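*Asks:* Pasting in a structure now, in structure tokens, and then I'll have a few things to ask.
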Amino acid sequence: MKRTVVITGGNRGIGKSIAECFLDEGYDVIIAARTSVNQGGGLLNKAVFFKMDVRDEKAHTLLAQRAISLTGRLDVWINNAGLSSWRPIQSVTERFFNNLVDVNLKGALWGCKAAAKFMANTGGAIINISSIAGKRGSSNNAIYCATKFGLNGLTQSLAKELGRNGITVNAICPVLIKTEGLMEALSHKFSPANGDPELFLTNFTNTNSATGYLPKGIDVGKLAVYLASPSNLSITGQCINVDCGVFPQ
């Protein structure tokens, strides 16, 4: 029977790659985001778009209900929506802090809560898109790292809490993946790119990657497909690096 996946922030970047991977596997895909995707006649034309702001708890419930009303089921929930921004501690404002926490951590929490409610009797998979920034700190990045550390903790705790309901909960922790969002974030003055994102990524790859390259969004998508599949009976509570050996563990 055809399975259903919800992907927040699935209209661009890594989320778009994840959506394409699930569409390629024959899933019914519901993409949730504040703005629609420019589909351009591609694979995403087969997805359903749901306009929402992940900071709104009620919107997640409506999203789950919409997915079930359209397809009759809810099998996979992927909390992908997120923000990346560097800022030194003396430049952190309450607004900056709240914005990152509300989107990266609270938004994922509401998604997990809604998914757990509607999967309680049927089981399913929750996948949180985290970062290796959730495993090690970096300069000018305290707030973003804190949200991703928190997301990893949420993942591990909910895996314990929801496992007896047949729900697996995992996180994927990519290293820097070249997307429009990342390049925009790297262009800001407090980022480590020093005004040249392309050169920064080249140098980062040469000095940190074990394989000589960095992963792409499709690598995250393929892993998500496996973690979400019915054949995954044993992997839960894990925060899995997709980083070409940048941070071996």
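If you're wondering about the labels, chains in the structure tokens are A, B, ... by order shown, residues count from 1 in each chain, ligands from 1 in order shown.
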Excluding same-chain residues fewer than 2 positions from range 79-95 of chain A, what lies within 8 Å of it counting only C-alpha atoms, as a PyMOL selection string?

*Replies:* chain A and resi 7-10+14-15+33+54+77+97-100+103-104+107-108+111-112+126-130+139-142+144+181-182+185+188+190-191

*Asks:* Dump N, CA and C atoms for the selected residues as a short mmCIF file (atom, residue, chain, number, x, y, z; two decimals), in the first residue's frame?

*Replies:*
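Wrote it out as part13.cif, contents follow:
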```cif
data_model
loop_
_atom_site.label_atom_id
_atom_site.label_comp_id
_atom_site.auth_asym_id
_atom_site.auth_seq_id
_atom_site.Cartn_x
_atom_site.Cartn_y
_atom_site.Cartn_z
N ILE A 7 6.78 16.48 5.02
CA ILE A 7 8.11 17.08 5.11
C ILE A 7 7.96 18.58 5.32
N THR A 8 8.35 19.08 6.48
CA THR A 8 8.32 20.52 6.68
C THR A 8 9.56 21.15 6.03
N GLY A 9 9.39 22.33 5.47
CA GLY A 9 10.51 22.95 4.77
C GLY A 9 10.94 22.16 3.55
N GLY A 10 10.00 21.47 2.94
CA GLY A 10 10.33 20.61 1.80
C GLY A 10 10.31 21.31 0.47
N ILE A 14 17.79 21.14 1.27
CA ILE A 14 17.82 19.73 1.66
C ILE A 14 16.41 19.15 1.66
N GLY A 15 15.43 19.93 2.11
CA GLY A 15 14.06 19.44 2.16
C GLY A 15 13.54 19.05 0.79
N ALA A 33 5.37 24.36 4.10
CA ALA A 33 6.31 25.48 4.18
C ALA A 33 5.52 26.78 4.12
N VAL A 54 5.93 26.70 10.88
CA VAL A 54 6.20 25.63 11.84
C VAL A 54 6.20 26.11 13.29
N TRP A 77 7.02 11.39 9.28
CA TRP A 77 7.01 12.84 9.51
C TRP A 77 8.45 13.32 9.60
N PHE A 97 17.62 35.12 19.20
CA PHE A 97 17.54 33.86 19.95
C PHE A 97 16.19 33.20 19.74
N ASN A 98 15.13 33.95 19.93
CA ASN A 98 13.78 33.38 19.83
C ASN A 98 13.49 32.87 18.43
N ASN A 99 13.97 33.55 17.42
CA ASN A 99 13.70 33.14 16.04
C ASN A 99 14.32 31.78 15.75
N LEU A 100 15.59 31.59 16.13
CA LEU A 100 16.23 30.30 15.89
C LEU A 100 15.62 29.19 16.74
N VAL A 103 11.98 28.23 15.41
CA VAL A 103 11.94 27.48 14.16
C VAL A 103 12.66 26.13 14.30
N ASN A 104 13.91 26.16 14.77
CA ASN A 104 14.74 24.95 14.76
C ASN A 104 14.36 23.93 15.82
N GLY A 107 9.64 24.37 16.58
CA GLY A 107 8.92 23.89 15.40
C GLY A 107 9.01 22.38 15.25
N ALA A 108 10.20 21.82 15.52
CA ALA A 108 10.36 20.37 15.45
C ALA A 108 9.60 19.67 16.58
N GLY A 111 6.06 19.42 15.62
CA GLY A 111 5.91 18.38 14.60
C GLY A 111 5.93 16.99 15.21
N CYS A 112 6.87 16.76 16.12
CA CYS A 112 6.94 15.46 16.80
C CYS A 112 5.66 15.18 17.58
N ILE A 126 9.50 9.14 12.71
CA ILE A 126 9.76 10.57 12.81
C ILE A 126 11.25 10.77 12.56
N ILE A 127 11.57 11.70 11.68
CA ILE A 127 12.97 11.98 11.36
C ILE A 127 13.20 13.48 11.50
N ASN A 128 14.16 13.83 12.34
CA ASN A 128 14.52 15.23 12.55
C ASN A 128 15.81 15.55 11.79
N ILE A 129 15.78 16.60 10.99
CA ILE A 129 17.00 16.99 10.27
C ILE A 129 17.78 17.95 11.16
N SER A 130 18.85 17.43 11.72
CA SER A 130 19.68 18.17 12.66
C SER A 130 20.95 18.63 11.94
N SER A 139 32.63 28.64 16.64
CA SER A 139 32.67 30.07 16.95
C SER A 139 31.54 30.83 16.28
N ASN A 140 30.98 31.80 17.01
CA ASN A 140 29.90 32.66 16.51
C ASN A 140 28.64 31.88 16.17
N ASN A 141 28.48 30.71 16.74
CA ASN A 141 27.39 29.82 16.33
C ASN A 141 26.66 29.22 17.54
N ALA A 142 26.75 29.90 18.67
CA ALA A 142 26.25 29.31 19.91
C ALA A 142 24.76 29.01 19.87
N TYR A 144 22.61 28.65 17.20
CA TYR A 144 22.28 27.58 16.25
C TYR A 144 22.69 26.22 16.81
N GLY A 181 20.11 28.36 0.92
CA GLY A 181 20.04 28.84 2.29
C GLY A 181 21.40 28.91 2.96
N LEU A 182 22.22 27.88 2.75
CA LEU A 182 23.55 27.90 3.35
C LEU A 182 24.41 29.01 2.76
N ALA A 185 23.44 32.23 4.25
CA ALA A 185 23.91 32.36 5.63
C ALA A 185 25.41 32.63 5.68
N HIS A 188 26.78 36.30 5.29
CA HIS A 188 26.64 37.29 6.36
C HIS A 188 27.99 37.53 7.04
N PHE A 190 29.16 37.68 10.05
CA PHE A 190 29.64 36.92 11.20
C PHE A 190 29.96 35.46 10.88
N SER A 191 29.67 35.03 9.65
CA SER A 191 29.92 33.64 9.28
C SER A 191 31.43 33.41 9.14
#
```

*Asks:* Name the residues of range 80-153 of chain A that come out as alpha helix (DSSP H) in a backbone DSSP run; write them as a PyMOL selection string.

*Replies:* chain A and resi 94-100+107-119+142-153

*Asks:* Within 12 Å of range 45-50 of chain A, counting only C-alpha atoms, which residues show up once you throw out same-chain ones fewer than 4 positions away? Write them as an mmCIF file with all heavy atoms, in the first residue's frame, please.

*Replies:*
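Full text of part_29.cif as output:
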```
data_model
loop_
_atom_site.group_PDB
_atom_site.id
_atom_site.type_symbol
_atom_site.label_atom_id
_atom_site.label_comp_id
_atom_site.auth_asym_id
_atom_site.auth_seq_id
_atom_site.Cartn_x
_atom_site.Cartn_y
_atom_site.Cartn_z
ATOM 1 N N THR A 4 2.622 7.489 3.109
ATOM 2 C CA THR A 4 2.524 8.943 3.120
ATOM 3 C C THR A 4 3.607 9.551 4.000
ATOM 4 O O THR A 4 3.824 9.096 5.128
ATOM 5 C CB THR A 4 1.144 9.393 3.647
ATOM 6 O OG1 THR A 4 0.125 8.880 2.784
ATOM 7 C CG2 THR A 4 1.046 10.913 3.702
ATOM 8 N N VAL A 5 4.256 10.603 3.499
ATOM 9 C CA VAL A 5 5.272 11.321 4.256
ATOM 10 C C VAL A 5 4.951 12.807 4.257
ATOM 11 O O VAL A 5 4.542 13.369 3.240
ATOM 12 C CB VAL A 5 6.689 11.085 3.680
ATOM 13 C CG1 VAL A 5 6.781 11.476 2.223
ATOM 14 C CG2 VAL A 5 7.744 11.828 4.501
ATOM 15 N N VAL A 6 5.128 13.427 5.399
ATOM 16 C CA VAL A 6 5.037 14.876 5.558
ATOM 17 C C VAL A 6 6.450 15.414 5.737
ATOM 18 O O VAL A 6 7.232 14.860 6.526
ATOM 19 C CB VAL A 6 4.167 15.244 6.775
ATOM 20 C CG1 VAL A 6 4.404 16.690 7.196
ATOM 21 C CG2 VAL A 6 2.693 15.012 6.481
ATOM 22 N N ILE A 7 6.778 16.481 5.018
ATOM 23 C CA ILE A 7 8.114 17.076 5.113
ATOM 24 C C ILE A 7 7.963 18.580 5.316
ATOM 25 O O ILE A 7 7.490 19.286 4.419
ATOM 26 C CB ILE A 7 8.951 16.822 3.846
ATOM 27 C CG1 ILE A 7 9.000 15.326 3.522
ATOM 28 C CG2 ILE A 7 10.361 17.390 4.005
ATOM 29 C CD1 ILE A 7 9.554 15.016 2.133
ATOM 30 N N THR A 8 8.351 19.082 6.479
ATOM 31 C CA THR A 8 8.322 20.523 6.676
ATOM 32 C C THR A 8 9.561 21.146 6.034
ATOM 33 O O THR A 8 10.641 20.550 6.029
ATOM 34 C CB THR A 8 8.263 20.910 8.166
ATOM 35 O OG1 THR A 8 9.491 20.562 8.802
ATOM 36 C CG2 THR A 8 7.109 20.212 8.858
ATOM 37 N N GLY A 9 9.391 22.330 5.470
ATOM 38 C CA GLY A 9 10.508 22.949 4.768
ATOM 39 C C GLY A 9 10.936 22.164 3.551
ATOM 40 O O GLY A 9 12.102 22.209 3.150
ATOM 41 N N GLY A 10 9.998 21.469 2.943
ATOM 42 C CA GLY A 10 10.334 20.612 1.803
ATOM 43 C C GLY A 10 10.308 21.310 0.467
ATOM 44 O O GLY A 10 10.346 20.654 -0.582
ATOM 45 N N ASN A 11 10.250 22.632 0.484
ATOM 46 C CA ASN A 11 10.142 23.383 -0.764
ATOM 47 C C ASN A 11 11.477 23.844 -1.327
ATOM 48 O O ASN A 11 11.534 24.373 -2.428
ATOM 49 C CB ASN A 11 9.233 24.599 -0.558
ATOM 50 C CG ASN A 11 9.759 25.542 0.506
ATOM 51 O OD1 ASN A 11 10.432 25.125 1.449
ATOM 52 N ND2 ASN A 11 9.459 26.820 0.374
ATOM 53 N N LYS A 16 13.876 19.825 -0.206
ATOM 54 C CA LYS A 16 13.461 19.508 -1.574
ATOM 55 C C LYS A 16 14.078 18.193 -2.040
ATOM 56 O O LYS A 16 13.402 17.363 -2.666
ATOM 57 C CB LYS A 16 13.854 20.647 -2.503
ATOM 58 C CG LYS A 16 13.397 20.466 -3.944
ATOM 59 C CD LYS A 16 13.789 21.670 -4.794
ATOM 60 C CE LYS A 16 13.388 21.478 -6.247
ATOM 61 N NZ LYS A 16 13.804 22.624 -7.094
ATOM 62 N N ILE A 18 15.009 15.743 -0.123
ATOM 63 C CA ILE A 18 14.324 14.680 0.618
ATOM 64 C C ILE A 18 12.992 14.361 -0.040
ATOM 65 O O ILE A 18 12.640 13.186 -0.247
ATOM 66 C CB ILE A 18 14.115 15.096 2.089
ATOM 67 C CG1 ILE A 18 15.455 15.227 2.801
ATOM 68 C CG2 ILE A 18 13.232 14.082 2.810
ATOM 69 C CD1 ILE A 18 15.355 15.850 4.191
ATOM 70 N N ALA A 19 12.232 15.394 -0.390
ATOM 71 C CA ALA A 19 10.937 15.191 -1.035
ATOM 72 C C ALA A 19 11.089 14.424 -2.340
ATOM 73 O O ALA A 19 10.312 13.501 -2.640
ATOM 74 C CB ALA A 19 10.260 16.534 -1.273
ATOM 75 N N GLU A 20 12.086 14.776 -3.130
ATOM 76 C CA GLU A 20 12.303 14.097 -4.405
ATOM 77 C C GLU A 20 12.643 12.628 -4.202
ATOM 78 O O GLU A 20 12.186 11.759 -4.971
ATOM 79 C CB GLU A 20 13.411 14.808 -5.178
ATOM 80 C CG GLU A 20 12.987 16.177 -5.694
ATOM 81 C CD GLU A 20 14.128 16.989 -6.274
ATOM 82 O OE1 GLU A 20 15.308 16.673 -5.963
ATOM 83 O OE2 GLU A 20 13.842 17.933 -7.028
ATOM 84 N N CYS A 21 13.415 12.322 -3.162
ATOM 85 C CA CYS A 21 13.763 10.924 -2.887
ATOM 86 C C CYS A 21 12.527 10.110 -2.512
ATOM 87 O O CYS A 21 12.353 8.958 -2.960
ATOM 88 C CB CYS A 21 14.808 10.849 -1.777
ATOM 89 S SG CYS A 21 16.473 11.350 -2.266
ATOM 90 N N PHE A 22 11.653 10.682 -1.704
ATOM 91 C CA PHE A 22 10.444 9.955 -1.313
ATOM 92 C C PHE A 22 9.472 9.826 -2.486
ATOM 93 O O PHE A 22 8.801 8.790 -2.634
ATOM 94 C CB PHE A 22 9.776 10.634 -0.120
ATOM 95 C CG PHE A 22 10.352 10.226 1.205
ATOM 96 C CD1 PHE A 22 11.402 10.945 1.766
ATOM 97 C CD2 PHE A 22 9.878 9.116 1.879
ATOM 98 C CE1 PHE A 22 11.952 10.568 2.983
ATOM 99 C CE2 PHE A 22 10.416 8.723 3.093
ATOM 100 C CZ PHE A 22 11.458 9.444 3.648
ATOM 101 N N LEU A 23 9.383 10.844 -3.322
ATOM 102 C CA LEU A 23 8.550 10.736 -4.513
ATOM 103 C C LEU A 23 9.074 9.644 -5.434
ATOM 104 O O LEU A 23 8.298 8.877 -6.012
ATOM 105 C CB LEU A 23 8.521 12.078 -5.248
ATOM 106 C CG LEU A 23 7.648 13.162 -4.606
ATOM 107 C CD1 LEU A 23 7.991 14.531 -5.180
ATOM 108 C CD2 LEU A 23 6.161 12.857 -4.797
ATOM 109 N N ASP A 24 10.379 9.554 -5.547
ATOM 110 C CA ASP A 24 10.999 8.533 -6.386
ATOM 111 C C ASP A 24 10.707 7.133 -5.866
ATOM 112 O O ASP A 24 10.678 6.166 -6.636
ATOM 113 C CB ASP A 24 12.505 8.773 -6.460
ATOM 114 C CG ASP A 24 13.165 8.006 -7.583
ATOM 115 O OD1 ASP A 24 12.666 8.072 -8.723
ATOM 116 O OD2 ASP A 24 14.176 7.326 -7.330
ATOM 117 N N GLY A 26 7.858 6.349 -4.550
ATOM 118 C CA GLY A 26 6.436 6.106 -4.709
ATOM 119 C C GLY A 26 5.563 6.565 -3.560
ATOM 120 O O GLY A 26 4.380 6.199 -3.482
ATOM 121 N N TYR A 27 6.103 7.368 -2.649
ATOM 122 C CA TYR A 27 5.321 7.882 -1.525
ATOM 123 C C TYR A 27 4.361 8.981 -1.986
ATOM 124 O O TYR A 27 4.633 9.698 -2.964
ATOM 125 C CB TYR A 27 6.243 8.490 -0.471
ATOM 126 C CG TYR A 27 6.878 7.526 0.497
ATOM 127 C CD1 TYR A 27 7.896 6.657 0.090
ATOM 128 C CD2 TYR A 27 6.499 7.506 1.835
ATOM 129 C CE1 TYR A 27 8.503 5.792 0.987
ATOM 130 C CE2 TYR A 27 7.106 6.657 2.745
ATOM 131 C CZ TYR A 27 8.103 5.805 2.314
ATOM 132 O OH TYR A 27 8.707 4.939 3.211
ATOM 133 N N ASP A 28 3.256 9.113 -1.259
ATOM 134 C CA ASP A 28 2.488 10.346 -1.310
ATOM 135 C C ASP A 28 3.218 11.354 -0.434
ATOM 136 O O ASP A 28 3.476 11.095 0.751
ATOM 137 C CB ASP A 28 1.073 10.129 -0.762
ATOM 138 C CG ASP A 28 0.175 9.406 -1.753
ATOM 139 O OD1 ASP A 28 0.275 9.680 -2.957
ATOM 140 O OD2 ASP A 28 -0.619 8.549 -1.311
ATOM 141 N N VAL A 29 3.556 12.513 -0.992
ATOM 142 C CA VAL A 29 4.390 13.492 -0.303
ATOM 143 C C VAL A 29 3.601 14.774 -0.079
ATOM 144 O O VAL A 29 3.060 15.354 -1.025
ATOM 145 C CB VAL A 29 5.673 13.796 -1.112
ATOM 146 C CG1 VAL A 29 6.474 14.912 -0.456
ATOM 147 C CG2 VAL A 29 6.525 12.532 -1.252
ATOM 148 N N ILE A 30 3.555 15.207 1.171
ATOM 149 C CA ILE A 30 2.956 16.485 1.525
ATOM 150 C C ILE A 30 4.077 17.406 1.983
ATOM 151 O O ILE A 30 4.761 17.113 2.974
ATOM 152 C CB ILE A 30 1.882 16.351 2.623
ATOM 153 C CG1 ILE A 30 0.646 15.639 2.088
ATOM 154 C CG2 ILE A 30 1.459 17.728 3.128
ATOM 155 C CD1 ILE A 30 0.695 14.158 2.131
ATOM 156 N N ILE A 31 4.290 18.488 1.251
ATOM 157 C CA ILE A 31 5.325 19.468 1.566
ATOM 158 C C ILE A 31 4.689 20.629 2.310
ATOM 159 O O ILE A 31 3.723 21.221 1.831
ATOM 160 C CB ILE A 31 6.011 19.978 0.288
ATOM 161 C CG1 ILE A 31 6.827 18.844 -0.363
ATOM 162 C CG2 ILE A 31 6.903 21.173 0.586
ATOM 163 C CD1 ILE A 31 7.398 19.216 -1.720
ATOM 164 N N ALA A 32 5.223 20.945 3.484
ATOM 165 C CA ALA A 32 4.708 22.042 4.294
ATOM 166 C C ALA A 32 5.761 23.127 4.413
ATOM 167 O O ALA A 32 6.907 22.856 4.763
ATOM 168 C CB ALA A 32 4.321 21.541 5.684
ATOM 169 N N ALA A 33 5.370 24.365 4.104
ATOM 170 C CA ALA A 33 6.310 25.479 4.178
ATOM 171 C C ALA A 33 5.520 26.781 4.116
ATOM 172 O O ALA A 33 4.326 26.791 3.834
ATOM 173 C CB ALA A 33 7.319 25.419 3.030
ATOM 174 N N ARG A 34 6.211 27.878 4.394
ATOM 175 C CA ARG A 34 5.551 29.181 4.344
ATOM 176 C C ARG A 34 5.342 29.660 2.918
ATOM 177 O O ARG A 34 4.417 30.407 2.630
ATOM 178 C CB ARG A 34 6.366 30.222 5.140
ATOM 179 C CG ARG A 34 6.219 30.058 6.634
ATOM 180 C CD ARG A 34 6.979 31.141 7.401
ATOM 181 N NE ARG A 34 8.422 30.944 7.328
ATOM 182 C CZ ARG A 34 9.305 31.712 7.940
ATOM 183 N NH1 ARG A 34 8.904 32.745 8.648
ATOM 184 N NH2 ARG A 34 10.593 31.472 7.847
ATOM 185 N N THR A 35 6.218 29.238 1.998
ATOM 186 C CA THR A 35 6.083 29.620 0.596
ATOM 187 C C THR A 35 6.132 28.380 -0.277
ATOM 188 O O THR A 35 6.834 27.409 0.043
ATOM 189 C CB THR A 35 7.198 30.587 0.160
ATOM 190 O OG1 THR A 35 8.475 29.960 0.401
ATOM 191 C CG2 THR A 35 7.122 31.880 0.952
ATOM 192 N N SER A 36 5.402 28.401 -1.368
ATOM 193 C CA SER A 36 5.345 27.239 -2.249
ATOM 194 C C SER A 36 6.636 27.108 -3.040
ATOM 195 O O SER A 36 7.410 28.057 -3.180
ATOM 196 C CB SER A 36 4.157 27.343 -3.208
ATOM 197 O OG SER A 36 4.284 28.483 -4.028
ATOM 198 N N VAL A 37 6.838 25.921 -3.581
ATOM 199 C CA VAL A 37 8.040 25.651 -4.344
ATOM 200 C C VAL A 37 7.791 25.972 -5.811
ATOM 201 O O VAL A 37 6.686 25.806 -6.324
ATOM 202 C CB VAL A 37 8.463 24.168 -4.179
ATOM 203 C CG1 VAL A 37 7.407 23.235 -4.759
ATOM 204 C CG2 VAL A 37 9.802 23.895 -4.841
ATOM 205 N N ASN A 38 8.814 26.467 -6.481
ATOM 206 C CA ASN A 38 8.747 26.649 -7.924
ATOM 207 C C ASN A 38 9.015 25.310 -8.574
ATOM 208 O O ASN A 38 10.159 24.918 -8.783
ATOM 209 C CB ASN A 38 9.781 27.687 -8.371
ATOM 210 C CG ASN A 38 9.744 27.948 -9.873
ATOM 211 O OD1 ASN A 38 8.821 27.518 -10.548
ATOM 212 N ND2 ASN A 38 10.746 28.647 -10.377
ATOM 213 N N GLN A 39 7.948 24.596 -8.886
ATOM 214 C CA GLN A 39 8.085 23.207 -9.295
ATOM 215 C C GLN A 39 8.709 23.048 -10.675
ATOM 216 O O GLN A 39 9.427 22.112 -10.941
ATOM 217 C CB GLN A 39 6.718 22.525 -9.217
ATOM 218 C CG GLN A 39 6.197 22.464 -7.783
ATOM 219 C CD GLN A 39 4.743 22.035 -7.708
ATOM 220 O OE1 GLN A 39 3.957 22.319 -8.600
ATOM 221 N NE2 GLN A 39 4.378 21.358 -6.643
ATOM 222 N N GLY A 40 8.406 23.930 -11.576
ATOM 223 C CA GLY A 40 9.080 23.922 -12.873
ATOM 224 C C GLY A 40 8.904 22.645 -13.664
ATOM 225 O O GLY A 40 9.756 22.263 -14.449
ATOM 226 N N GLY A 41 7.780 21.950 -13.439
ATOM 227 C CA GLY A 41 7.518 20.748 -14.206
ATOM 228 C C GLY A 41 8.287 19.539 -13.740
ATOM 229 O O GLY A 41 8.275 18.500 -14.392
ATOM 230 N N VAL A 54 5.934 26.700 10.885
ATOM 231 C CA VAL A 54 6.201 25.625 11.843
ATOM 232 C C VAL A 54 6.199 26.114 13.288
ATOM 233 O O VAL A 54 6.139 25.310 14.223
ATOM 234 C CB VAL A 54 7.538 24.918 11.549
ATOM 235 C CG1 VAL A 54 7.493 24.210 10.202
ATOM 236 C CG2 VAL A 54 8.718 25.875 11.633
ATOM 237 N N ALA A 59 -0.922 24.517 13.580
ATOM 238 C CA ALA A 59 -0.713 24.252 12.158
ATOM 239 C C ALA A 59 -0.216 22.830 11.919
ATOM 240 O O ALA A 59 -0.536 22.220 10.894
ATOM 241 C CB ALA A 59 0.277 25.262 11.580
ATOM 242 N N HIS A 60 0.531 22.283 12.848
ATOM 243 C CA HIS A 60 1.026 20.908 12.706
ATOM 244 C C HIS A 60 -0.123 19.906 12.804
ATOM 245 O O HIS A 60 -0.151 18.914 12.068
ATOM 246 C CB HIS A 60 2.082 20.621 13.774
ATOM 247 C CG HIS A 60 3.352 21.372 13.592
ATOM 248 N ND1 HIS A 60 4.412 20.894 12.859
ATOM 249 C CD2 HIS A 60 3.738 22.597 14.028
ATOM 250 C CE1 HIS A 60 5.404 21.773 12.865
ATOM 251 N NE2 HIS A 60 5.014 22.813 13.570
ATOM 252 N N LEU A 62 -3.238 20.535 11.992
ATOM 253 C CA LEU A 62 -3.976 20.683 10.739
ATOM 254 C C LEU A 62 -3.247 19.991 9.592
ATOM 255 O O LEU A 62 -3.879 19.393 8.715
ATOM 256 C CB LEU A 62 -4.178 22.159 10.422
ATOM 257 C CG LEU A 62 -5.093 22.939 11.368
ATOM 258 C CD1 LEU A 62 -5.076 24.430 11.021
ATOM 259 C CD2 LEU A 62 -6.522 22.393 11.312
ATOM 260 N N LEU A 63 -1.915 20.063 9.608
ATOM 261 C CA LEU A 63 -1.116 19.403 8.583
ATOM 262 C C LEU A 63 -1.293 17.893 8.632
ATOM 263 O O LEU A 63 -1.494 17.235 7.602
ATOM 264 C CB LEU A 63 0.352 19.789 8.759
ATOM 265 C CG LEU A 63 1.385 19.060 7.900
ATOM 266 C CD1 LEU A 63 1.115 19.259 6.416
ATOM 267 C CD2 LEU A 63 2.794 19.543 8.251
ATOM 268 N N ALA A 64 -1.234 17.335 9.829
ATOM 269 C CA ALA A 64 -1.423 15.890 9.980
ATOM 270 C C ALA A 64 -2.820 15.479 9.514
ATOM 271 O O ALA A 64 -2.985 14.471 8.804
ATOM 272 C CB ALA A 64 -1.204 15.483 11.425
ATOM 273 N N GLN A 65 -3.815 16.238 9.904
ATOM 274 C CA GLN A 65 -5.192 15.946 9.495
ATOM 275 C C GLN A 65 -5.353 16.036 7.987
ATOM 276 O O GLN A 65 -6.062 15.228 7.375
ATOM 277 C CB GLN A 65 -6.156 16.894 10.200
ATOM 278 C CG GLN A 65 -6.256 16.660 11.694
ATOM 279 C CD GLN A 65 -7.070 17.731 12.409
ATOM 280 O OE1 GLN A 65 -7.185 18.867 11.937
ATOM 281 N NE2 GLN A 65 -7.624 17.379 13.560
ATOM 282 N N ARG A 66 -4.685 17.017 7.386
ATOM 283 C CA ARG A 66 -4.743 17.179 5.937
ATOM 284 C C ARG A 66 -4.118 15.981 5.237
ATOM 285 O O ARG A 66 -4.664 15.462 4.249
ATOM 286 C CB ARG A 66 -4.021 18.469 5.533
ATOM 287 C CG ARG A 66 -3.955 18.735 4.034
ATOM 288 C CD ARG A 66 -5.311 18.996 3.458
ATOM 289 N NE ARG A 66 -5.214 19.472 2.084
ATOM 290 C CZ ARG A 66 -6.198 19.428 1.207
ATOM 291 N NH1 ARG A 66 -7.381 18.929 1.561
ATOM 292 N NH2 ARG A 66 -6.046 19.886 -0.021
ATOM 293 N N ALA A 67 -2.978 15.533 5.718
ATOM 294 C CA ALA A 67 -2.310 14.380 5.111
ATOM 295 C C ALA A 67 -3.206 13.142 5.173
ATOM 296 O O ALA A 67 -3.334 12.390 4.190
ATOM 297 C CB ALA A 67 -0.985 14.109 5.824
ATOM 298 N N LEU A 70 -6.261 13.361 2.828
ATOM 299 C CA LEU A 70 -5.912 13.199 1.421
ATOM 300 C C LEU A 70 -5.535 11.771 1.057
ATOM 301 O O LEU A 70 -5.867 11.294 -0.034
ATOM 302 C CB LEU A 70 -4.751 14.126 1.070
ATOM 303 C CG LEU A 70 -5.057 15.615 0.915
ATOM 304 C CD1 LEU A 70 -3.773 16.410 0.743
ATOM 305 C CD2 LEU A 70 -5.979 15.860 -0.276
ATOM 306 N N THR A 71 -4.823 11.107 1.953
ATOM 307 C CA THR A 71 -4.239 9.801 1.599
ATOM 308 C C THR A 71 -4.736 8.645 2.465
ATOM 309 O O THR A 71 -4.456 7.488 2.161
ATOM 310 C CB THR A 71 -2.707 9.856 1.711
ATOM 311 O OG1 THR A 71 -2.330 9.985 3.096
ATOM 312 C CG2 THR A 71 -2.143 11.038 0.932
#
```

*Asks:* Calculated over only C-alpha atoms, which of the candidates A:Met1, A:Ala228, A:Ile218, A:Ile132 has the smallest distance to Pro174 in chain A?

*Replies:* A:Ile132

*Asks:* Write out as a list of chain:residue names each polymer residue whose atoms come within 10 Å of Val169 in chain A, counting only C-alpha atoms; drop sequence neighbours fewer than 2 positions from it.

*Replies:*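 Counting only the stated atoms, we get A:Trp77, A:Ile78, A:Cys112, A:Ala116, A:Gly124, A:Ala125, A:Ile126, A:Ile127, A:Asn128, A:Leu154, A:Thr155, A:Gln156, A:Ser157, A:Leu158, A:Ala159, A:Lys160, A:Glu161, A:Leu162, A:Gly163, A:Gly166, A:Ile167, A:Ala171, A:Leu227, A:Ala228, A:Ile235, A:Thr236, A:Gly237, A:Gln238, A:Cys239.
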
*Asks:* With only C-alpha atoms as the basis for distance, which of A:Gly72, A:Gly245, A:Gly221, A:Gly195 is at the shortest distance from Asn208 in chain A?

*Replies:* A:Gly245

*Asks:* Quick one: everything within 9 Å of Asp219 in chain A, counting only C-alpha atoms, minus sequence neighbours fewer than 4 positions away in the same chain. Send it as number ranges by chain.

*Replies:* A: 17-18, 215, 223-224, 242

*Asks:* Pick out the residues sitting within 8 Å of Lys135 in chain A, and hand them over as a list in words; count only C-alpha atoms, and ignore anything fewer than 6 positions along from it in its own chain.

*Replies:*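 That gives Cys145, Lys148 and Phe149 of chain A.
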